[in-house]
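What follows is a single structure, written as structure tokens, with notes after it.
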Amino acid sequence: MTGNPIRRAQLITPFGVGAMMVVQDGTSLISGGLDHWYEYEDGGRDSQKIDVNEFCVEEWRLQQLLDVDHFRLPPDFRDAREPVPNKFLKVPFLRFPQWHFCTGCKRLVQQPLTVRGKIKCPECEEKKKKRYLAQVPFVAMCDKGHIQDFPWREWVHRSVQPECQKPMRIIATGGSSLGDQKVKCDCGMERPLAKITEAKPGGTETELSKNLDKDGQLYLCQGKRPWLGTEENSPCDRPLRGSLRSASNLYYADVRSAIYLPRSNSDAPSELVSLLEEPPLSALINLLSSMGQEVTPQILRSQQSQLLRRFPDAAIKGAIQIVLSRTGKGAGLPEAKVKSDDQETAFRREEFETLRKPRDEELLIIRASNIEDYNLSFNQYFYRIMLVNKLRETRALVGFTRVLPENDLSLEEREAMLRLYSSNNKDNWIPAYVVYGEGIFLELNEKWLQTWEQREDVNLRVAPLVARYEQLEQNKKVRKKPIGPRFVLLHTLSHLIMNRLTFECGYSSAALRERLYVSGDPSSPMAGLLIYTAAGDSEGTMGGLVRMGQPGNLEPVIQQALIDARWCSTDPVCMEMGMRGGQGPESCNLAACHNCSLVPETACEEFNRFLDRAIVVGKVDDRKLGYFDVDSLI
């Protein structure tokens with residue numbers, strides 16, 4: 001554990017449970033599991049005095065999707081001088097990797113997960129020298145999310161079960177490659193670290209697992225979970241690969257999010273429903289319902305009379321029914337049920353239908369913008385433009401992956417990785433963070449889109465990308481996802497507009513985010529995108545993005561974004577490379593690189609995959625391939 005500060009939002013991503021970070025003094029730490037959140041560090045304080053209801057967050061749609069009772073905000077540390085409850089709360093961090101080396105004699109020494117502060121080298125101390133240990137730069141991981149110390153002793157002795165227990169040392173021979181560093185045992189055995197990070201395509205075989213043992217015995221993952229404070233093994237049969245502890249593929253947070261959709265009806269206003277969805281009333285309602293007791297307006301008034309004094313009993317009763325239903329049925333929300341929708345598409349469809357109509361609620365304000373007021377030929381390509389003056393987004397951490405952004409673990413298995421002991425009815429929660437922002441919602445012209453996406457040349461262009469992703473699906477490295485011209489078009493257009501908005505209105509590149517609404521179902525198609533700010537600070541609610549979506553301001557943004565997309569500074573390589581084997585993460589991009597179409601990973605829903613400029617604006621030798629005829633917009 002450590003006393004170093006960290007922002008609450010960062011405990012969701014990028015430093016959520018299981019993630020590694022380096023603090024100010026250079027110590028490498030791993031974020032601890034949820035078992036010890038909302039607990040005092042020592043036994044001198046009574047943990048019963050902690051009021052977790054203060055941190056509870058309700059988001060009914062996301063709770064239903066993830067099958068949890070509620071969400072909790074990461075605890076914030078409060079000093080003893082402040083007269084407030086829940087003082088001294090900290091989030092646990094553990095020291096990892098456990099292996100250290102001396103900066104002088106290079107000896108490798110293993111330390112406990114809970115060790116603190118600077119550690120003196122025992123060998124140098126015996127020689128009356130004052131030298132400190134530093135953590136090794138290498139760890140080992142598997143694609144099921146486990147992480148462990150690099151197997152130094154096994155590697156140097158070329159044995160899965162080495163008998164030698166003599167001191168080891170890590171030696172740098174002067175070069176910059178892994179082959180120029182080696183581990184040496186005092187017994188005389190030594191071995192370079194060359195190729196420890198290498199793996200064959202598909203990840204079924206790694207250099208570390210296959211070639212560690214001289215007799216050919218596989219060295220597989222030990223199922224280590226140091227972020228949970230345990231050194232015990234758990235069952236795992238995946239190959240192990242070495243990694244630098246600062247590598248970008250060491251941790252991918254699995255964050256699920258939802259735009260809050262207020263619920264109301266003729267009896268219960270949305271303001272009252274929102275009041276009952278938040279503490280302290282939500283905690284009281286959950287407690288009563290879990291005990292099998294009927295929740296009545298009289299009981300709520302007896303506990304929170306001031307909060308409910310403005311509302312009659314009939315309204316409170318109607319609001320209670322809406323909250324306890326955990327659905328949008330009878331609450332003024334569109335009931336959009338389409339047979340072909342998977343769970344995620346159905347979840348997005350509720351938002352899509354809501355964003356298409358004006359709405360004026362406390363937590364969701366949507367204004368319609370007349371498409372005819374825009375100067376360009378927008379009605380050919382766009383059907384609807386809505387300005388979202390205010391929205392609330394809840395982001396929940398449901399798990400994480402390593403090596404690849406996705407794997408074949410189920411949602412339940414990912415949530416189980418967040419805590420050492422399985423959650424019970426009392427602890428059926430996951431951490432989340434709430435941000436407020438604004439946005440622009442664009443819906444494409446469905447008639448023009450269907451004509452375009454049925455063209456043979458368009459489908460031939462996207463076919464290599466679809467084939468590569470289907471191969472990944474067969475290898476069970478990614479979740480099943482319908483990829484086609486419609487999806488690639490919307491995703492790439494979203495990136496192009498976001499990149500242009502950072503120039504036009506001064507938002508940082510990480511302040512804008514995208515949310516895609518895609519379905520090719522003939523009976524109920526979707527083709528919309530929401531570009532919004534939800535940075536959690538002043539950048540998220542200043543009104544600049546909505547202003548850029550108004551007639552006269554949006555046209556030059558989209559116009560210049562499309563013009564810029566016609567030529568990349570790395571063309572013709574960028575345009576041609578995608579058709580020769582792909583580029584980008586998992587080779588799932590066509591014409592898209594950092595110079596033209598990529599955005600920060602925190603702003604993209606798909607880890608910068610499924611992008612192609614040619615689908616949007618065409619190629620140099622075939623401008624008609626693209627959805628937009630840029631010449632007509634210039």
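Each chain in the structure tokens gets a letter, A, B and so on, in the order shown; residues start at 1 in every chain, and ligands are counted from 1 in the order they appear.
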For region 222-227 of chain A, please output as JSON, numbers by chain all residues within 8 Å (counting only C-alpha atoms; exclusion window: fewer than 5 positions along the same chain). {"A": [17, 18, 30, 31, 32, 33, 93, 94, 96, 113, 146, 147, 148, 232, 233, 234, 235, 236]}
Neighbouring residues of Asn86 (chain A) were defined as those with any atom within 8 Å, considering only C-alpha atoms; residues of the same chain fewer than 6 positions away were excluded. Please report them as a ChimeraX atom specification. /A:49-51,78
Which residues are close to Pro262 (chain A), i.e. within 8 Å by only C-alpha atoms, leaving aside same-chain residues fewer than 4 positions away? Reply as a CSV table (one decimal) with C-alpha atoms, in the first residue's frame.
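The resulting around-v6.csv:
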chain,number,residue,atom,x,y,z
A,270,SER,CA,-38.6,12.4,-13.8
A,273,VAL,CA,-37.8,9.2,-10.1
A,274,SER,CA,-34.2,10.5,-10.2
A,361,GLU,CA,-35.2,16.7,-18.2
A,363,LEU,CA,-30.2,15.0,-16.5
A,364,LEU,CA,-30.9,14.9,-20.3
Give me, as a list of chain:residue names, the residues of region 140-182 of chain A that a backbone DSSP run labels strand (DSSP E or B). A:Ala140, A:Met141, A:Ile147, A:Gln148, A:Asp149, A:Met168, A:Arg169, A:Ile170, A:Ile171, A:Ala172, A:Gln181, A:Lys182
Save the residues we just selected, N, CA, C and O atoms, as an mmCIF file, in the first residue's frame?
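Contents of result_6.cif, as written:
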data_model
loop_
_atom_site.group_PDB
_atom_site.id
_atom_site.type_symbol
_atom_site.label_atom_id
_atom_site.label_comp_id
_atom_site.auth_asym_id
_atom_site.auth_seq_id
_atom_site.Cartn_x
_atom_site.Cartn_y
_atom_site.Cartn_z
ATOM 1 N N ALA A 140 5.559 -11.433 -16.202
ATOM 2 C CA ALA A 140 5.006 -12.428 -17.128
ATOM 3 C C ALA A 140 3.494 -12.444 -16.974
ATOM 4 O O ALA A 140 2.956 -12.228 -15.884
ATOM 5 N N MET A 141 2.784 -12.688 -18.080
ATOM 6 C CA MET A 141 1.324 -12.627 -18.054
ATOM 7 C C MET A 141 0.750 -13.638 -19.041
ATOM 8 O O MET A 141 1.455 -14.188 -19.892
ATOM 9 N N ILE A 147 -1.182 -12.447 -13.961
ATOM 10 C CA ILE A 147 0.127 -11.799 -14.055
ATOM 11 C C ILE A 147 0.997 -12.310 -12.907
ATOM 12 O O ILE A 147 0.482 -12.585 -11.809
ATOM 13 N N GLN A 148 2.265 -12.481 -13.149
ATOM 14 C CA GLN A 148 3.172 -12.990 -12.129
ATOM 15 C C GLN A 148 4.570 -12.447 -12.365
ATOM 16 O O GLN A 148 4.852 -11.828 -13.396
ATOM 17 N N ASP A 149 5.427 -12.664 -11.386
ATOM 18 C CA ASP A 149 6.824 -12.303 -11.573
ATOM 19 C C ASP A 149 7.435 -13.166 -12.665
ATOM 20 O O ASP A 149 7.020 -14.318 -12.872
ATOM 21 N N MET A 168 20.831 -15.296 -7.495
ATOM 22 C CA MET A 168 20.870 -14.990 -8.925
ATOM 23 C C MET A 168 21.137 -13.502 -9.105
ATOM 24 O O MET A 168 20.888 -12.687 -8.211
ATOM 25 N N ARG A 169 21.613 -13.158 -10.314
ATOM 26 C CA ARG A 169 21.906 -11.763 -10.621
ATOM 27 C C ARG A 169 21.445 -11.469 -12.043
ATOM 28 O O ARG A 169 21.466 -12.338 -12.914
ATOM 29 N N ILE A 170 21.025 -10.237 -12.263
ATOM 30 C CA ILE A 170 20.645 -9.802 -13.600
ATOM 31 C C ILE A 170 21.752 -8.905 -14.128
ATOM 32 O O ILE A 170 22.171 -7.942 -13.467
ATOM 33 N N ILE A 171 22.241 -9.241 -15.307
ATOM 34 C CA ILE A 171 23.430 -8.585 -15.854
ATOM 35 C C ILE A 171 23.075 -7.902 -17.173
ATOM 36 O O ILE A 171 22.460 -8.514 -18.058
ATOM 37 N N ALA A 172 23.437 -6.645 -17.322
ATOM 38 C CA ALA A 172 23.297 -5.920 -18.587
ATOM 39 C C ALA A 172 24.659 -5.858 -19.252
ATOM 40 O O ALA A 172 25.640 -5.427 -18.633
ATOM 41 N N GLN A 181 20.708 -8.594 -22.256
ATOM 42 C CA GLN A 181 20.534 -8.719 -20.815
ATOM 43 C C GLN A 181 20.397 -10.199 -20.478
ATOM 44 O O GLN A 181 19.774 -10.955 -21.217
ATOM 45 N N LYS A 182 20.975 -10.600 -19.365
ATOM 46 C CA LYS A 182 20.936 -12.009 -19.010
ATOM 47 C C LYS A 182 20.811 -12.160 -17.498
ATOM 48 O O LYS A 182 21.130 -11.251 -16.731
#
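Picture a line from CA of Gln298 (chain A) to CA of Gly318 (chain A); it runs 13.4 Å.
What separates CA of His36 (chain A) from CA of Asp69 (chain A) is a distance of 18.8 Å.
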What's the 8 Å shell around Tyr251 (chain A), counting only C-alpha atoms, without same-chain residues fewer than 5 positions away, as a PyMOL selection string? chain A and resi 18-20+400-403
Mind listing the alpha helix (DSSP H) residues of region 174-421 of chain A, per DSSP on the backbone, as a PyMOL selection string? chain A and resi 207-211+270-277+281-290+297-303+305-308+313-325+343-355+378-381+411-416
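With only C-alpha atoms as the atoms that count, the minimum distance from Leu62 (chain A) to the choices A:Ser290, A:Asn499, A:Ser257, A:Ser422 is reached by A:Ser257.
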